[in-house]
Amino acid sequence: MCGILCYLGKRQALPILLEGLRKLEYRGYDSSGLALAENGEIFCQKAVGKIQALENSLAGVQWKGSTGIAHTRWATHGKPSEANAHPHTDCREKIFVIHNGIIENFQSLKKTLLERGHQFRSETDSEVLAHLIEEHYQGDLAEAVRDALGLVEGTYGIGVLSAENPQEIVVARKGSPLILGIGEGEIFAASDVSALVSHTKEVIYLQDDDVAVIHPGGYELSNLNSDSILRQTQKVDWDVAAAEKQGFSHFMLKEIYEQPEAVENAMRGRLIEEEGISKLGGLNGVQDEFLEMERLIIISMGTSYYAALLGRYIIETCTDIAVEVDLASEFRYRKLNMKEGTTVLAISQSGETADTLAAVQEAKRKGALVLGLVNVVGSSIARETDAGVYNHAGPEIGVASTKAFISQLTILYLMTLALARHQRMSLSEGQAFIAGLKLIPDKIRRILESASKIEAIAGRYHGYKNFFYLGRKFNYPIALEGALKLKEISYIHAEGYAAGEMKHGPIALIDENFPSVCLAPRDSAYEKMVSNIQEVKARNGPVLAIGTEGDTELQKICDDFIEVPATDEILQPLLMVVPLQLLAYYIARENGCEIDQPRNLAKSVTVE
Ligand code: AGP
C-alpha cells in the first residue's frame with residue numbers, strides 16, 4: 001500500500017527520496033510525489049505510474065534542498081491521477097502532507113472545510129489533513145498537526161512540511177506504520193524499514209498517537225497531548241543485500257530460492273532433539289497458558305490464512321485441541337465466547353494487515369490470550385499481541401508471499417510439536433518429527449534443482465485461461481495457495497478446491513481447455529486423489545499432477561507430472577507448495593506480467 005519517506009539532514013534530499021521510493025515500490029502503488037524545501041520555498045512534483053515517471057518529470061530540476069517528504073500512493077479514494085497523488089497541500093500551498101491510511105470521517109470534515117471556504121484539488125480523503133492543519137496553524141506546525149489529528153477518525157501515518165517552518169518535518173502515526181531512522185546528522189521517517197536501511201540501522205518504531213518533530217538538531221517525540229515521550233532505539237537486524245535481487249530476475253524468484261534457508265532459520269535454536277521437543281522463546285512468558293489451551297482460533301488473511309488452514313489440520317492431527325480458523329476480516333462478525341482456555345493466534349507476514357490487526361484488538365477486548373506469528377520485527381501486530389514468534393524469514397519484497405509462507409508453516413509445525421509433546425506424542429515420535437523436519441531444506445533444494453522442468457511445463461500451460469488446483473487433507477490448503485499464487489501474478493483465473501468437492505458442481509466446467517493441477521503425493525488420501533484425477537481425465541480435462549518421486553503409475557494417468565521427494569505425510573505440504581510457486585512464476589513470466597508488483601495488489605494491506 002502507500003509508502004512514506006521523509007528526510008532531513010545535510011545531504012541533498014532529492015536523490016535520497018527517489019532511491020527510497022524505489023525501495024518502497026514493492027508495497028504496490030499507482031502514483032508518487034514529493035515535496036522539497038529550500039530557502040523558505042517548497043517545490044512539489046507528482047506523477048502517475050512508476051517512480052521512473054516521477055524521475056523523468058524531474059529532469060533538469062536543480063533543487064538542492066536537504067529537507068523533503070515523498071510518497072507512493074495506492075488508490076483508495078479517487079483514481080490514480082496527479083491531482084490525487086500526494087503530497088496534498090492547503091489553499092495557500094504552504095503546507096504539504098503525505099498520508100498513509102484512511103480518514104474515515106473525511107466527508108464530514110470536508111463539508112465543514114468547504115463551508116469555511118477551503119478549496120479542494122483532489123478526490124482524496126487525505127487532502128482534508130492539509131486543510132485542517134491550515135485551519136489550526138498559528139506559527140507552530142506541530143501544534144497545528146496535533147489539533148488537526150484530534151479531529152480525525154481513522155488511521156494515519158503522516159509527514160508534514162511547511163514553507164513557513166522549512167527547518168522541520170512533523171510526522172505522526174495511528175494504525176499505519178511509521179519508523180524513524182536515526183543517522184549521523186540526519187533523520188529519516190519511513191513507513192517501511194527497507195526505505196531507510198541503506199542509510200541507517202538505528203530505528204525507532206513509532207506507536208499510535210506518537211508525534212515526532214524532526215529538525216536539524218535531531219528529533220522530539222510527544223503524544224497528541226504534547227506530553228514528551230521516550231521510545232527506545234532499536235537495531236534493524238537485516239542487511240541491505242537482503243532487500244536486493246542479487247542476480248535473480250525477480251524478488252519472487254529469489255525468495256522462492258531462499259526457502260531452504262527460510263525453513264532452517266525458522267527452526268534455528270528452537271529444536272531440542274534429545275527431548276524431541278521445540279522451544280519457542282517468544283512464548284516463554286505465556287508457556288503454561290499456551291500448552292494448556294483447549295481451543296485455538298487462528299486468524300489471518302490471504303496466504304497467511306492458508307497457512308492457518310494447514311495449522312488446523314496438523315494441530316488437530318497431533319493434539320486434542322479444537323482449532324478454528326477464521327479470515328480476520330470476518331472474525332469481528334462472529335459472536336464468540338472467549339472462555340478460559342481459548343487462545344487466538346494471528347498470522348501475518350507484514351504484521352500490518354489492517355483486518356488482522358483489528359481482529360487482534362477484538363480478541364484482546366474479549367479477554368483471549370492473543371499470540372502472533374509475524375515476520376516483520378516491531379510491526380503493529382507483533383507489538384499488540386501478548387506474546388509471539390517471529391518467522392526470521394528476512395524481508396519479503398515480492399508481493400506474492402513465498403518464503404514467508406513456508407516459514408509460517410515451519411513455525412506451525414514447531415508449535416504443533418510443542419503442544420503434541422505436552423499431550424500424547426511420545427519421545428520417539430517427537431524425535432522422528434524433528435528428524436523429518438530437518439530433512440526438509442535439502443528436499444526443497446532438490447525441487448529447486450528441477451526448476452527447468454517446471455519452466456518447460458509452464459511453457460505448455462501459460463495459454464490457458466482457467467485452472468483448478470485440487471488437493472485433499474494436508475494438501476488442500478496448499479491447493480488454495482497454489483491457485484492464489486497463479487491468479488495474483490499471472491491474472492489467470494484459478495480456483496483451489498478440496499478434490500472431493502469437485503463432483504458437487506465445479507466439475508461442470510471441465511473440458512479440454514480447463515486444466516487441473518492435482519496434488520497427489522503417496523499419502524493416506526492418494527487413492528481418492530487418483531479417482532478424482534480419473535474423473536477429470538474422463539471429461540477431457542488436462543491434468544498436471546504433483547506427486548511423489550518415482551510414482552510411475554500416477555505419471556501414466558496424467559498429462560504432465562512434477563515429482564517431489566517423499567516425506568512424512570504431515571510434512572508433505574512444505575514440499576508440495578514449492579513447484580506451485582515456480583509454476584505460477586514461470587507462467588506469469590511467460591505471459592510478460594509484472595511479477596513483483598502485480599496490478600491492484602499491495603504488499604501489506606493496511607486498509608480494511
Ligand atoms: C500473498 O501472496 C498475498 N499478497 C496476500 O494474500 C497476503 O498474504 C495477505 O495480504 C496477508 O498479508 P500478511 O501476511 O502480511 O498479513
# chains A, B, ... in the order shown; residues from 1 in each chain; ligands from 1

$ residues_near_ligand --ligand "ligand 1" --cutoff "9 Å" --atoms "only C-alpha atoms and all ligand atoms" --output "number ranges by chain"
A: 300-306, 346-357, 374-376, 398-402, 404-405, 481, 484-485, 488-489, 601-606

$ residues_around --residues "region 249-261 of chain A" --least-positions-apart "2" --cutoff "8 Å" --atoms "only C-alpha atoms" --output "VMD selection string"
chain A and resid 244 to 247 263 to 265 396 to 403 406 to 407 440 to 442 444 to 445 448 578 581 to 582 585 595 to 596

$ residues_around --residues "region 416-420 of chain A" --least-positions-apart "3" --cutoff "12 Å" --atoms "only C-alpha atoms" --output "ChimeraX atom specification"
/A:267,270-273,275-281,283,287-296,310-321,323,409-413,423-427,429-434,437,570-571

$ residues_around --residues "Asp209 (chain A)" --least-positions-apart "6" --cutoff "10 Å" --atoms "only C-alpha atoms" --output "mmCIF file with C-alpha atoms, in the first residue's frame"
data_model
loop_
_atom_site.group_PDB
_atom_site.id
_atom_site.type_symbol
_atom_site.label_atom_id
_atom_site.label_comp_id
_atom_site.auth_asym_id
_atom_site.auth_seq_id
_atom_site.Cartn_x
_atom_site.Cartn_y
_atom_site.Cartn_z
ATOM 1 C CA ARG A 146 -1.916 17.735 16.775
ATOM 2 C CA LEU A 149 -5.338 14.937 14.179
ATOM 3 C CA GLY A 150 -7.597 15.405 17.189
ATOM 4 C CA TYR A 156 -2.768 7.607 9.526
ATOM 5 C CA GLY A 157 0.965 7.715 9.115
ATOM 6 C CA ALA A 172 2.688 11.173 13.323
ATOM 7 C CA ARG A 173 1.112 7.743 13.352
ATOM 8 C CA LYS A 174 -2.055 5.952 14.299
ATOM 9 C CA GLY A 175 -2.706 2.494 12.901
ATOM 10 C CA SER A 222 5.498 13.603 22.106
ATOM 11 C CA ASN A 223 1.943 12.357 22.105
ATOM 12 C CA LEU A 224 -1.201 14.054 20.824
ATOM 13 C CA ASN A 225 -1.489 15.910 24.169
#

$ closest_residue --among "A:Gly217, A:Asp210, A:Gly139, A:Gly388" --to "Arg231 (chain A)" --atoms "only C-alpha atoms"
A:Asp210

$ closest_residue --among "A:Thr124, A:Ser524, A:Asn600, A:Thr76" --to "Lys487 (chain A)" --atoms "only C-alpha atoms"
A:Asn600

$ residues_around --residues "region 526-537 of chain A" --least-positions-apart "5" --cutoff "12 Å" --atoms "only C-alpha atoms" --output "number ranges by chain"
A: 468-476, 497-504, 506-521, 542-548, 551, 553-559, 569
